[in-house]
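Novice: Shown below is the structure under consideration.
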Amino acid sequence: MKSALFALTIALFLLMAPPAFAHQPRMVDSTEITVLDPAVSKAYYGTLSGEPHVYTITATEPFDLYVGILIPYVTDSKKDVSAEVRLGEEVLTVLGGEEADWESMFEFFGQSTYWDGGEYKKEQAAAGVYTITVFSPQNDNKYSLAVGELEAFTLKETFSAATMVPELKRDFFNESPISFIKSPIGWGYILVMYILAFLFGFIYRWLLKTFAAGTVRGVRSNIGKYDKAIRYALWLGLLIWAITTTWSPWLLFFSGFALFEAIFSWCGLYAAFGRNTCPL
């Protein structure tokens, strides 16, 4: 039990320590977006559908301004997305566009590749109302707008990203979500869910052995070789299902619990109903 708790601590530490250049991902579902905490790094993923997207920053005191424009590195990428940055009526810069020198960039956190249309930085930017307008000639492009450079990944943000990145891979990059497993956040996410599943199994098994000792519910093992094989297959099937689709925490948890049952020749459901297929 102590070793499992130690492993959980290490896994959570890995998840809370984001790799370089990681941004908090945000899905865009409107054309008007208010940017809160503009110094904190965030990546807004949106699709232009007929009109520009306008981001507003209202700063009451000086802050470090950072803006970058990216598009997915896919075969049909049109490198014509622009991001115009204004302070009031003053145009500070226009990033991207057809004249920009778009360069490929690999992002370690999500294990995906972008076209990078440029960035704009200004330390201690003056207080005021800033607008960032993202547009293209036909306003029909996918894009990612990076705002802020201060990394602030809480545990909640890390788990949110872990569930959002597979969706981005499928819908934004046209990639299989399985590639997320190459990211430390991806395999760390699996590790944490498996440790939680094993902890649940250990605690549940200990409770039954303690309070149902001498009955079929309290036995140490309650499944035979055939049932173990089924649980190994269930473990692998649920894991493959999870990492090739949504990376659902529940699929990963039950995949881990199936592995626990197979390793320890013990089924939680059988224990609850007093069933035993383990040979004497």
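In the structure tokens, the first chain shown is A, the next is B, and so on; residue numbers restart at 1 for each chain, and ligands run from 1 in the order shown.
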List every residue of stretch 130-243 of chain A that has an atom at most 12 Å from any atom of stretch 82-98 of chain A, giving for each one its closest atom pair and the distance in Å to one decimal, counting only C-alpha atoms, sorted by chain and then by ascending residue number, as JSON lines.
Specialist:
{"residue": "A:Tyr130", "atom": "CA", "partner": "A:Leu87", "partner_atom": "CA", "distance": 4.5}
{"residue": "A:Thr131", "atom": "CA", "partner": "A:Arg86", "partner_atom": "CA", "distance": 5.2}
{"residue": "A:Ile132", "atom": "CA", "partner": "A:Val85", "partner_atom": "CA", "distance": 4.6}
{"residue": "A:Thr133", "atom": "CA", "partner": "A:Glu84", "partner_atom": "CA", "distance": 5.1}
{"residue": "A:Val134", "atom": "CA", "partner": "A:Ala83", "partner_atom": "CA", "distance": 4.4}
{"residue": "A:Phe135", "atom": "CA", "partner": "A:Ser82", "partner_atom": "CA", "distance": 5.4}
{"residue": "A:Ser136", "atom": "CA", "partner": "A:Ser82", "partner_atom": "CA", "distance": 6.0}
{"residue": "A:Pro137", "atom": "CA", "partner": "A:Gly97", "partner_atom": "CA", "distance": 9.1}
{"residue": "A:Gln138", "atom": "CA", "partner": "A:Ser82", "partner_atom": "CA", "distance": 11.6}
{"residue": "A:Asn139", "atom": "CA", "partner": "A:Ser82", "partner_atom": "CA", "distance": 10.0}
{"residue": "A:Asn141", "atom": "CA", "partner": "A:Ser82", "partner_atom": "CA", "distance": 10.4}
{"residue": "A:Lys142", "atom": "CA", "partner": "A:Ser82", "partner_atom": "CA", "distance": 11.5}
{"residue": "A:Tyr143", "atom": "CA", "partner": "A:Ser82", "partner_atom": "CA", "distance": 9.5}
{"residue": "A:Ser144", "atom": "CA", "partner": "A:Ala83", "partner_atom": "CA", "distance": 10.3}
{"residue": "A:Leu145", "atom": "CA", "partner": "A:Ala83", "partner_atom": "CA", "distance": 8.2}
{"residue": "A:Ala146", "atom": "CA", "partner": "A:Ala83", "partner_atom": "CA", "distance": 10.5}
{"residue": "A:Val147", "atom": "CA", "partner": "A:Val85", "partner_atom": "CA", "distance": 11.3}
Novice: Within 8 Å of A:Ala125, counting only C-alpha atoms, which residues show up once you throw out same-chain ones fewer than 2 positions away? Write them as a VMD selection string, please.
Specialist: chain A and resid 62 to 65 122 to 123 127
Novice: Using DSSP on the backbone, list every residue of stretch 129-254 of chain A that comes out as helix (DSSP H, G or I), and give them as an MDAnalysis selection string.
Specialist: chainID A and resid 155:171 177:182 184:211 216:218 225:244 249:254
Novice: Could you check which of A:Val74, A:Ala212, A:Leu150, A:Val165 is closest to A:Met27, using only C-alpha atoms?
Specialist: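 Selected residue with least distance to A:Met27: A:Val165.
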Novice: Which residue, A:Phe172, A:Tyr270, A:Tyr232, A:Tyr194, has the smallest gap to A:Gly110 when you use only C-alpha atoms?
Specialist: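 Residue with the minimum atom-to-atom distance to A:Gly110: A:Phe172.
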Novice: I'd like the contact shell of stretch 176-189 of chain A - 6 Å cut-off, only C-alpha atoms, skipping same-chain residues fewer than 3 positions apart - returned as a list of chain:residue names.
Specialist: A:Leu15, A:Pro166, A:Lys169, A:Arg170, A:Val192, A:Ile243, A:Thr244
Novice: Could you take the residues named above and write them with N, CA and C atoms, as an mmCIF file, in the first residue's frame?
Specialist:
data_model
loop_
_atom_site.group_PDB
_atom_site.id
_atom_site.type_symbol
_atom_site.label_atom_id
_atom_site.label_comp_id
_atom_site.auth_asym_id
_atom_site.auth_seq_id
_atom_site.Cartn_x
_atom_site.Cartn_y
_atom_site.Cartn_z
ATOM 1 N N LEU A 15 2.435 14.784 -13.681
ATOM 2 C CA LEU A 15 1.337 15.448 -14.370
ATOM 3 C C LEU A 15 1.305 16.938 -14.084
ATOM 4 N N PRO A 166 -6.927 14.630 -26.820
ATOM 5 C CA PRO A 166 -7.376 13.623 -27.786
ATOM 6 C C PRO A 166 -8.458 14.138 -28.730
ATOM 7 N N LYS A 169 -6.729 16.282 -31.310
ATOM 8 C CA LYS A 169 -6.015 15.470 -32.281
ATOM 9 C C LYS A 169 -6.960 14.936 -33.356
ATOM 10 N N ARG A 170 -8.122 14.517 -32.937
ATOM 11 C CA ARG A 170 -9.078 13.938 -33.877
ATOM 12 C C ARG A 170 -9.722 15.007 -34.763
ATOM 13 N N VAL A 192 -1.753 7.346 -13.640
ATOM 14 C CA VAL A 192 -2.543 7.812 -12.491
ATOM 15 C C VAL A 192 -3.857 7.039 -12.383
ATOM 16 N N ILE A 243 -7.602 4.743 -25.618
ATOM 17 C CA ILE A 243 -6.565 5.580 -26.232
ATOM 18 C C ILE A 243 -6.769 5.801 -27.720
ATOM 19 N N THR A 244 -7.686 5.063 -28.339
ATOM 20 C CA THR A 244 -7.977 5.309 -29.755
ATOM 21 C C THR A 244 -9.233 6.154 -29.947
#
Novice: Assign secondary structure with DSSP using the backbone only, and return the residues of stretch 64-219 of chain A in strand (DSSP E) as a PyMOL selection string.
Specialist: chain A and resi 64-72+82-87+90-96+103-107+112-125+128-135+142-147
Novice: Please measure the separation of atom CA of A:Thr277 and atom CA of A:Asp227, giving the value in Å to one decimal.
Specialist: 7.9 Å
Novice: Return the single residue from A:Asp101, A:Leu259, A:Tyr114, A:Gly218 that is closest to A:Leu234, with distances computed using only C-alpha atoms.
Specialist: A:Leu259
Novice: Quick one: residues within 12 Å of stretch 43-45 of chain A, only C-alpha atoms counted, chain neighbours fewer than 3 positions away excluded, as JSON, numbers by chain?
Specialist: {"A": [21, 22, 23, 24, 25, 26, 27, 28, 29, 30, 31, 33, 34, 35, 38, 40, 48, 53, 54, 55, 66, 67, 68, 69, 70, 71, 72, 107, 109, 110, 132, 134, 141, 142, 143, 144, 145, 146, 147, 148, 149, 151, 161, 164, 165, 167, 168, 169, 171, 172, 173]}
Novice: Output C-alpha atoms of each residue in that selection to a file, as a PDB file, in the first residue's frame.
Specialist:
ATOM      1  CA  PHE A  21       5.861  25.698 -23.987  1.00  0.00           C
ATOM      2  CA  ALA A  22       2.695  24.041 -22.689  1.00  0.00           C
ATOM      3  CA  HIS A  23      -0.446  26.186 -22.898  1.00  0.00           C
ATOM      4  CA  GLN A  24      -3.768  25.626 -21.194  1.00  0.00           C
ATOM      5  CA  PRO A  25      -6.023  24.479 -24.086  1.00  0.00           C
ATOM      6  CA  ARG A  26      -9.362  26.208 -24.658  1.00  0.00           C
ATOM      7  CA  MET A  27     -12.042  25.295 -27.207  1.00  0.00           C
ATOM      8  CA  VAL A  28     -13.630  28.296 -28.935  1.00  0.00           C
ATOM      9  CA  ASP A  29     -17.392  28.143 -29.498  1.00  0.00           C
ATOM     10  CA  SER A  30     -18.232  31.791 -30.211  1.00  0.00           C
ATOM     11  CA  THR A  31     -16.933  34.760 -32.200  1.00  0.00           C
ATOM     12  CA  ILE A  33     -13.998  35.742 -26.525  1.00  0.00           C
ATOM     13  CA  THR A  34     -12.912  37.443 -23.306  1.00  0.00           C
ATOM     14  CA  VAL A  35      -9.357  36.599 -22.272  1.00  0.00           C
ATOM     15  CA  PRO A  38      -3.772  37.393 -20.176  1.00  0.00           C
ATOM     16  CA  VAL A  40      -1.100  33.073 -18.161  1.00  0.00           C
ATOM     17  CA  LEU A  48     -13.538  30.425 -38.511  1.00  0.00           C
ATOM     18  CA  HIS A  53     -13.089  35.853 -34.064  1.00  0.00           C
ATOM     19  CA  VAL A  54     -12.402  38.744 -31.697  1.00  0.00           C
ATOM     20  CA  TYR A  55     -10.531  38.290 -28.415  1.00  0.00           C
ATOM     21  CA  TYR A  66       2.322  37.615 -25.688  1.00  0.00           C
ATOM     22  CA  VAL A  67       0.347  36.603 -28.785  1.00  0.00           C
ATOM     23  CA  GLY A  68       1.120  33.856 -31.307  1.00  0.00           C
ATOM     24  CA  ILE A  69      -0.842  32.486 -34.267  1.00  0.00           C
ATOM     25  CA  LEU A  70      -0.689  28.835 -35.335  1.00  0.00           C
ATOM     26  CA  ILE A  71      -2.569  26.546 -37.704  1.00  0.00           C
ATOM     27  CA  PRO A  72      -2.598  22.724 -37.815  1.00  0.00           C
ATOM     28  CA  GLU A 107       4.683  20.914 -29.808  1.00  0.00           C
ATOM     29  CA  PHE A 109       2.956  18.638 -24.823  1.00  0.00           C
ATOM     30  CA  GLY A 110       0.344  17.429 -27.309  1.00  0.00           C
ATOM     31  CA  ILE A 132      -6.972  40.404 -31.104  1.00  0.00           C
ATOM     32  CA  VAL A 134      -8.335  36.433 -36.038  1.00  0.00           C
ATOM     33  CA  ASN A 141      -9.806  28.141 -41.353  1.00  0.00           C
ATOM     34  CA  LYS A 142      -8.800  26.244 -38.261  1.00  0.00           C
ATOM     35  CA  TYR A 143      -6.359  28.086 -36.031  1.00  0.00           C
ATOM     36  CA  SER A 144      -4.778  28.174 -32.588  1.00  0.00           C
ATOM     37  CA  LEU A 145      -4.214  31.502 -30.875  1.00  0.00           C
ATOM     38  CA  ALA A 146      -1.610  31.479 -28.095  1.00  0.00           C
ATOM     39  CA  VAL A 147      -1.979  34.176 -25.431  1.00  0.00           C
ATOM     40  CA  GLY A 148       0.383  34.609 -22.489  1.00  0.00           C
ATOM     41  CA  GLU A 149       3.643  32.897 -21.569  1.00  0.00           C
ATOM     42  CA  GLU A 151       2.891  28.534 -17.295  1.00  0.00           C
ATOM     43  CA  ALA A 161      -5.937  19.104 -20.946  1.00  0.00           C
ATOM     44  CA  MET A 164      -9.178  17.702 -24.344  1.00  0.00           C
ATOM     45  CA  VAL A 165      -6.010  16.902 -26.310  1.00  0.00           C
ATOM     46  CA  GLU A 167     -10.402  15.558 -29.087  1.00  0.00           C
ATOM     47  CA  LEU A 168      -8.098  18.163 -30.626  1.00  0.00           C
ATOM     48  CA  LYS A 169      -6.015  15.470 -32.281  1.00  0.00           C
ATOM     49  CA  ASP A 171     -10.985  17.083 -34.887  1.00  0.00           C
ATOM     50  CA  PHE A 172      -8.278  19.750 -35.215  1.00  0.00           C
ATOM     51  CA  PHE A 173      -5.221  17.852 -36.504  1.00  0.00           C
TER      52      PHE A 173
END
Novice: What is the atom CA of A:Thr215 to atom CA of A:Ala258 distance in Å?
Specialist: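 Between atom CA of A:Thr215 and atom CA of A:Ala258 the gap is 23.1 Å.
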Novice: May I ask which of the residues A:Phe198, A:Trp250, A:Trp266, A:Phe108 is the closest one to A:Thr163, counting only C-alpha atoms?
Specialist: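 When distances to A:Thr163 are compared using only C-alpha atoms, the smallest one comes from A:Trp250.
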Novice: For A:Leu199, which residue among A:Asn276, A:Ile57, A:Glu157, A:Phe257 is the nearest when counting only C-alpha atoms?
Specialist: A:Phe257
Novice: Figure out the distance between atom CA of A:Leu36 and atom CA of A:Gly50, please, to one decimal in Å.
Specialist: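 Going from atom CA of A:Gly50 over to atom CA of A:Leu36 covers 25.4 Å.
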Novice: For A:Pro52, which residue out of A:Ala126, A:Glu32, A:Ala242, A:Phe106 is the nearest one, using only C-alpha atoms?
Specialist: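 Of the candidates, the smallest distance to A:Pro52 is held by A:Glu32.
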